Each structure stands twice: as C-alpha cells, then as structure tokens.
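Chemist: Provided below: start-v8.pdb, containing PDB, C-alpha atoms.
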ATOM      1  CA  MET A 136      45.162 -47.332  83.009
ATOM      2  CA  SER A 137      41.471 -46.494  83.205
ATOM      3  CA  ALA A 138      38.808 -49.109  83.857
ATOM      4  CA  LEU A 139      36.108 -46.859  82.383
ATOM      5  CA  PRO A 140      34.248 -48.098  79.319
ATOM      6  CA  GLU A 141      35.268 -46.231  76.176
ATOM      7  CA  PHE A 142      33.385 -45.426  73.006
ATOM      8  CA  ILE A 143      35.604 -44.660  70.035
ATOM      9  CA  LEU A 144      34.515 -42.679  67.002
ATOM     10  CA  TYR A 145      36.566 -42.966  63.811
ATOM     11  CA  VAL A 146      37.164 -39.441  62.508
ATOM     12  CA  ALA A 147      38.583 -38.005  59.297
ATOM     13  CA  ASP A 148      40.522 -35.266  61.107
ATOM     14  CA  GLN A 149      41.473 -35.823  64.753
ATOM     15  CA  ALA A 150      42.275 -32.156  65.450
ATOM     16  CA  ARG A 151      38.977 -30.964  63.957
ATOM     17  CA  ALA A 152      37.010 -33.594  65.899
ATOM     18  CA  ALA A 153      38.856 -32.750  69.131
ATOM     19  CA  GLU A 154      38.086 -29.062  68.642
ATOM     20  CA  PHE A 155      34.403 -29.855  67.973
ATOM     21  CA  TYR A 156      33.980 -32.020  71.095
ATOM     22  CA  THR A 157      36.024 -29.618  73.264
ATOM     23  CA  SER A 158      33.567 -26.897  72.289
ATOM     24  CA  VAL A 159      30.414 -29.005  72.503
ATOM     25  CA  LEU A 160      31.265 -30.663  75.828
ATOM     26  CA  ALA A 161      32.763 -27.423  77.202
ATOM     27  CA  GLN A 162      35.768 -29.317  78.545
ATOM     28  CA  ASP A 163      39.298 -30.189  77.546
ATOM     29  CA  PRO A 164      40.254 -33.743  76.636
ATOM     30  CA  VAL A 165      41.890 -35.900  79.303
ATOM     31  CA  LEU A 166      44.224 -37.318  76.631
ATOM     32  CA  ASP A 167      45.270 -35.763  73.345
ATOM     33  CA  VAL A 168      48.122 -37.528  71.567
ATOM     34  CA  PRO A 169      48.685 -38.473  67.932
ATOM     35  CA  GLY A 170      46.208 -41.253  67.207
ATOM     36  CA  MET A 171      43.781 -40.706  70.107
ATOM     37  CA  THR A 172      41.892 -37.949  71.889
ATOM     38  CA  GLU A 173      39.780 -38.862  74.926
ATOM     39  CA  PHE A 174      37.104 -37.012  76.864
ATOM     40  CA  ASP A 175      35.793 -37.993  80.297
ATOM     41  CA  LEU A 176      32.015 -38.291  80.031
ATOM     42  CA  GLY A 177      31.596 -39.037  83.728
ATOM     43  CA  GLY A 178      31.571 -42.828  83.922
ATOM     44  CA  ALA A 179      32.786 -43.463  80.370
ATOM     45  CA  LEU A 180      35.336 -42.128  77.922
ATOM     46  CA  LEU A 181      34.790 -40.799  74.422
ATOM     47  CA  GLY A 182      37.722 -41.585  72.159
ATOM     48  CA  LEU A 183      38.443 -39.994  68.788
ATOM     49  CA  MET A 184      40.662 -42.094  66.512
ATOM     50  CA  PRO A 185      41.738 -41.115  63.004
ATOM     51  CA  GLN A 186      40.173 -43.296  60.302
ATOM     52  CA  ALA A 187      43.615 -43.829  58.793
ATOM     53  CA  ASP A 188      44.877 -45.341  62.070
ATOM     54  CA  ILE A 189      42.060 -47.877  62.379
ATOM     55  CA  ALA A 190      42.656 -48.843  58.747
ATOM     56  CA  VAL A 191      46.315 -49.545  59.619
ATOM     57  CA  LEU A 192      45.268 -51.626  62.645
ATOM     58  CA  LEU A 193      42.514 -53.649  60.990
ATOM     59  CA  GLY A 194      43.276 -53.402  57.293
ATOM     60  CA  GLN A 195      40.317 -54.003  55.039
ATOM     61  CA  ALA A 196      38.267 -55.581  57.822
ATOM     62  CA  VAL A 197      36.527 -52.210  58.250
ATOM     63  CA  GLU A 198      35.902 -49.309  55.928
ATOM     64  CA  PRO A 199      35.697 -46.171  58.102
ATOM     65  CA  GLY A 200      33.186 -43.687  56.817
ATOM     66  CA  SER A 201      31.084 -46.333  55.061
ATOM     67  CA  GLY A 202      28.597 -47.631  57.587
ATOM     68  CA  GLN A 203      30.813 -47.274  60.649
ATOM     69  CA  GLN A 204      28.697 -44.419  62.060
ATOM     70  CA  CYS A 205      27.709 -44.250  65.695
ATOM     71  CA  GLU A 206      25.207 -42.428  67.902
ATOM     72  CA  LEU A 207      26.509 -40.806  71.063
ATOM     73  CA  TYR A 208      23.600 -40.399  73.525
ATOM     74  CA  LEU A 209      24.269 -38.061  76.444
ATOM     75  CA  ARG A 210      21.955 -37.122  79.323
ATOM     76  CA  ARG A 211      22.955 -33.623  80.435
ATOM     77  CA  PRO A 212      21.207 -30.825  82.331
ATOM     78  CA  ASP A 213      22.796 -28.368  79.857
ATOM     79  CA  ALA A 214      21.335 -30.216  76.841
ATOM     80  CA  ALA A 215      20.041 -27.061  75.113
ATOM     81  CA  ALA A 216      23.403 -25.316  75.457
ATOM     82  CA  LEU A 217      25.226 -28.430  74.240
ATOM     83  CA  LEU A 218      23.071 -28.567  71.086
ATOM     84  CA  ALA A 219      23.679 -24.871  70.444
ATOM     85  CA  ARG A 220      27.434 -25.367  70.825
ATOM     86  CA  ALA A 221      27.300 -28.325  68.419
ATOM     87  CA  ALA A 222      25.690 -26.126  65.759
ATOM     88  CA  THR A 223      28.225 -23.317  66.178
ATOM     89  CA  ALA A 224      31.238 -25.651  66.398
ATOM     90  CA  GLY A 225      30.816 -27.147  62.938
ATOM     91  CA  GLY A 226      28.086 -29.702  63.514
ATOM     92  CA  ARG A 227      24.626 -29.734  61.990
ATOM     93  CA  LEU A 228      21.468 -29.429  64.092
ATOM     94  CA  LEU A 229      18.971 -32.120  63.107
ATOM     95  CA  SER A 230      16.260 -31.605  65.721
ATOM     96  CA  ASP A 231      15.774 -29.287  68.691
ATOM     97  CA  LEU A 232      15.006 -30.671  72.114
ATOM     98  CA  ALA A 233      11.539 -32.227  72.044
ATOM     99  CA  PRO A 234       9.595 -34.803  74.029
ATOM    100  CA  ARG A 235      10.104 -38.260  72.535
ATOM    101  CA  SER A 236       7.860 -41.324  72.641
ATOM    102  CA  TRP A 237      10.144 -43.130  75.133
ATOM    103  CA  GLY A 238       9.583 -40.410  77.756
ATOM    104  CA  GLU A 239      12.726 -38.299  77.378
ATOM    105  CA  THR A 240      13.294 -34.844  75.952
ATOM    106  CA  VAL A 241      16.006 -35.229  73.299
ATOM    107  CA  GLY A 242      17.633 -33.162  70.548
ATOM    108  CA  TYR A 243      19.856 -34.364  67.724
ATOM    109  CA  ALA A 244      22.875 -33.059  65.811
ATOM    110  CA  LEU A 245      25.526 -34.485  63.504
ATOM    111  CA  ASP A 246      29.207 -34.036  64.280
ATOM    112  CA  PRO A 247      31.588 -33.095  61.425
ATOM    113  CA  ASP A 248      32.157 -36.809  60.642
ATOM    114  CA  GLY A 249      28.454 -37.647  60.435
ATOM    115  CA  HIS A 250      28.093 -39.332  63.836
ATOM    116  CA  VAL A 251      24.739 -38.677  65.501
ATOM    117  CA  LEU A 252      24.945 -36.709  68.744
ATOM    118  CA  ALA A 253      21.766 -37.172  70.801
ATOM    119  CA  VAL A 254      21.396 -34.953  73.849
ATOM    120  CA  ALA A 255      18.699 -35.644  76.425
ATOM    121  CA  LEU A 256      17.615 -33.810  79.544
ATOM    122  CA  PRO A 257      18.147 -36.020  82.608
ATOM    123  CA  ARG A 258      15.027 -37.748  83.819
ATOM    124  CA  PRO A 259      13.525 -36.134  86.941
TER     125      PRO A 259
END
Show the structure stored in the file as structure tokens.

Modeler:
Amino acid sequence: MSALPEFILYVADQARAAEFYTSVLAQDPVLDVPGMTEFDLGGALLGLMPQADIAVLLGQAVEPGSGQQCELYLRRPDAAALLARAATAGGRLLSDLAPRSWGETVGYALDPDGHVLAVALPRP
C-alpha cells in the first residue's frame, strides 16, 4: 500500500478520463481497475473515481458534478506539450502559458469532466 498522498477526481466516465490523463501525462496509469484509475505524479497520486461509485459510498452527502470540481496544479518542464496534449485529448484550452502575478508561468485547460488542469513551468 502506497504512503503517497492521493488526489481523487470524480469523473462521469472512468475509461474516458483514464484515456485523457494517459494522453496528457504521456504515461500509463499505475492502477486501472473498475472503480479507480491512478497515475503516479512523482510524489503524489492522481486517482480517477466514477461519480456513481462515490455516490454509492457517500449517498446524498455529495452531489458529484455539482460543485465538486477540483484544480490539478502541476509543475512540469514539458508544460507547453502537456497543454497541447490536453487540447487534442478531449480537453478544452482555457489559457496558454503566460507569466502570472505570483511569479510562475502557467497555462490552463479543462478536462472532459470540467476539472481545471493548471500546468506551470518549474521555477528556476
């Protein structure tokens, strides 16, 4: 069992989301079973869980797709390529890489489930 922190996104279609992140991250998942797909982000895991499964686990305590959105913020030297892959893999480009007020160069896209994918160049 991994001791890495994990961030889980609730997705409408696990296979579609897995295909999107496989393409965008240019890597295969480390786990891909019914109910969960995981990617190693290098120090953390990204999990993709079907919305229907979290509804079974938590009932009406959460309503996936209605305010349960998340931003995934990655610092990667291949940030421009990652944004391009996001756009061609079914995501929607929101903003190209640009210098931001907090001192980083960051671009933004939406994944197919509406989660914000922020990609920053590593700080020098």

Chemist: Which neighbours of Gly177 in chain A fall inside 12 Å, counting only C-alpha atoms, when residues of the same chain fewer than 6 positions from it are skipped, and could you give them as a list in words?

Modeler: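 Counting only C-alpha atoms, the residues come to Leu139, Pro140, Glu141, Leu160, Gln162, Val165, Leu209, Arg210 and Arg211 of chain A.
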
Chemist: Let me know the residues the PyMOL selection byres ((chain A and resi 214) around 8) catches in the file above, as a list in words.

Modeler: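 The output of the PyMOL selection byres ((chain A and resi 214) around 8) on this file is Arg210, Arg211, Pro212, Asp213, Ala215, Ala216, Leu217, Leu218, Leu232, Gly242, Val254, Ala255 and Leu256 of chain A.
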
Chemist: Which distance in Å separates CA of Pro234 in chain A and CA of Asp175 in chain A, to one decimal?

Modeler: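 It comes out at 27.1 Å.
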
Chemist: What does the structure give for the distance between CA of Ile143 in chain A and CA of His250 in chain A, in Å to one decimal?

Modeler: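 Answer for the CA of Ile143 in chain A to CA of His250 in chain A separation: 11.1 Å.
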
Chemist: Just want the 8 Å neighbourhood of Leu144 in chain A, counted on only C-alpha atoms, with same-chain residues fewer than 3 positions away dropped. Output as a list in words.

Modeler: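 With the cut-off at 8 Å, the set is Leu181, Gly182, Leu183, Met184, Gln204, Cys205 and His250 of chain A.
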
Chemist: Could you tell me which residues the PyMOL selection byres ((chain A and resi 245-249) around 8) returns for this structure, as a compact mmCIF listing (two decimals) with C-alpha atoms, in the frame of the given file?

Modeler:
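As a result, result11.txt now contains:
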# COMPACT_ATOMS: atom_id res chain seq x y z
CA VAL A 146 37.16 -39.44 62.51
CA ALA A 147 38.58 -38.01 59.30
CA ALA A 152 37.01 -33.59 65.90
CA PHE A 155 34.40 -29.86 67.97
CA GLY A 200 33.19 -43.69 56.82
CA GLN A 204 28.70 -44.42 62.06
CA ALA A 221 27.30 -28.32 68.42
CA GLY A 225 30.82 -27.15 62.94
CA GLY A 226 28.09 -29.70 63.51
CA ARG A 227 24.63 -29.73 61.99
CA LEU A 228 21.47 -29.43 64.09
CA LEU A 229 18.97 -32.12 63.11
CA TYR A 243 19.86 -34.36 67.72
CA ALA A 244 22.88 -33.06 65.81
CA HIS A 250 28.09 -39.33 63.84
CA VAL A 251 24.74 -38.68 65.50
CA LEU A 252 24.94 -36.71 68.74

Chemist: May I ask for the distance between CA of Tyr208 in chain A and CA of Leu176 in chain A, given in Å to one decimal place?

Modeler: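 Those two atoms sit 10.8 Å apart.
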
Chemist: Which residue, A:Glu206, A:Glu154, A:Glu173, A:Asp148, has the smallest gap to Asp188 in chain A when you use all atoms listed in the file?

Modeler: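 Ranking A:Glu206, A:Glu154, A:Glu173, A:Asp148 by distance to Asp188 in chain A, first place goes to A:Asp148.
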
Chemist: Measuring atom to atom with all atoms listed in the file, identify which of A:Ala153, A:Ala253, A:Leu207, A:Ala161 is nearest to Arg220 in chain A.

Modeler: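 Smallest separation from Arg220 in chain A among the options: A:Ala161.
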
Chemist: From the options A:Phe142, A:Pro257, A:Asp167, A:Ser236, which residue's atoms come nearest to Leu180 in chain A, counting only C-alpha atoms?

Modeler: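 Under the stated criterion, the closest residue is A:Phe142.
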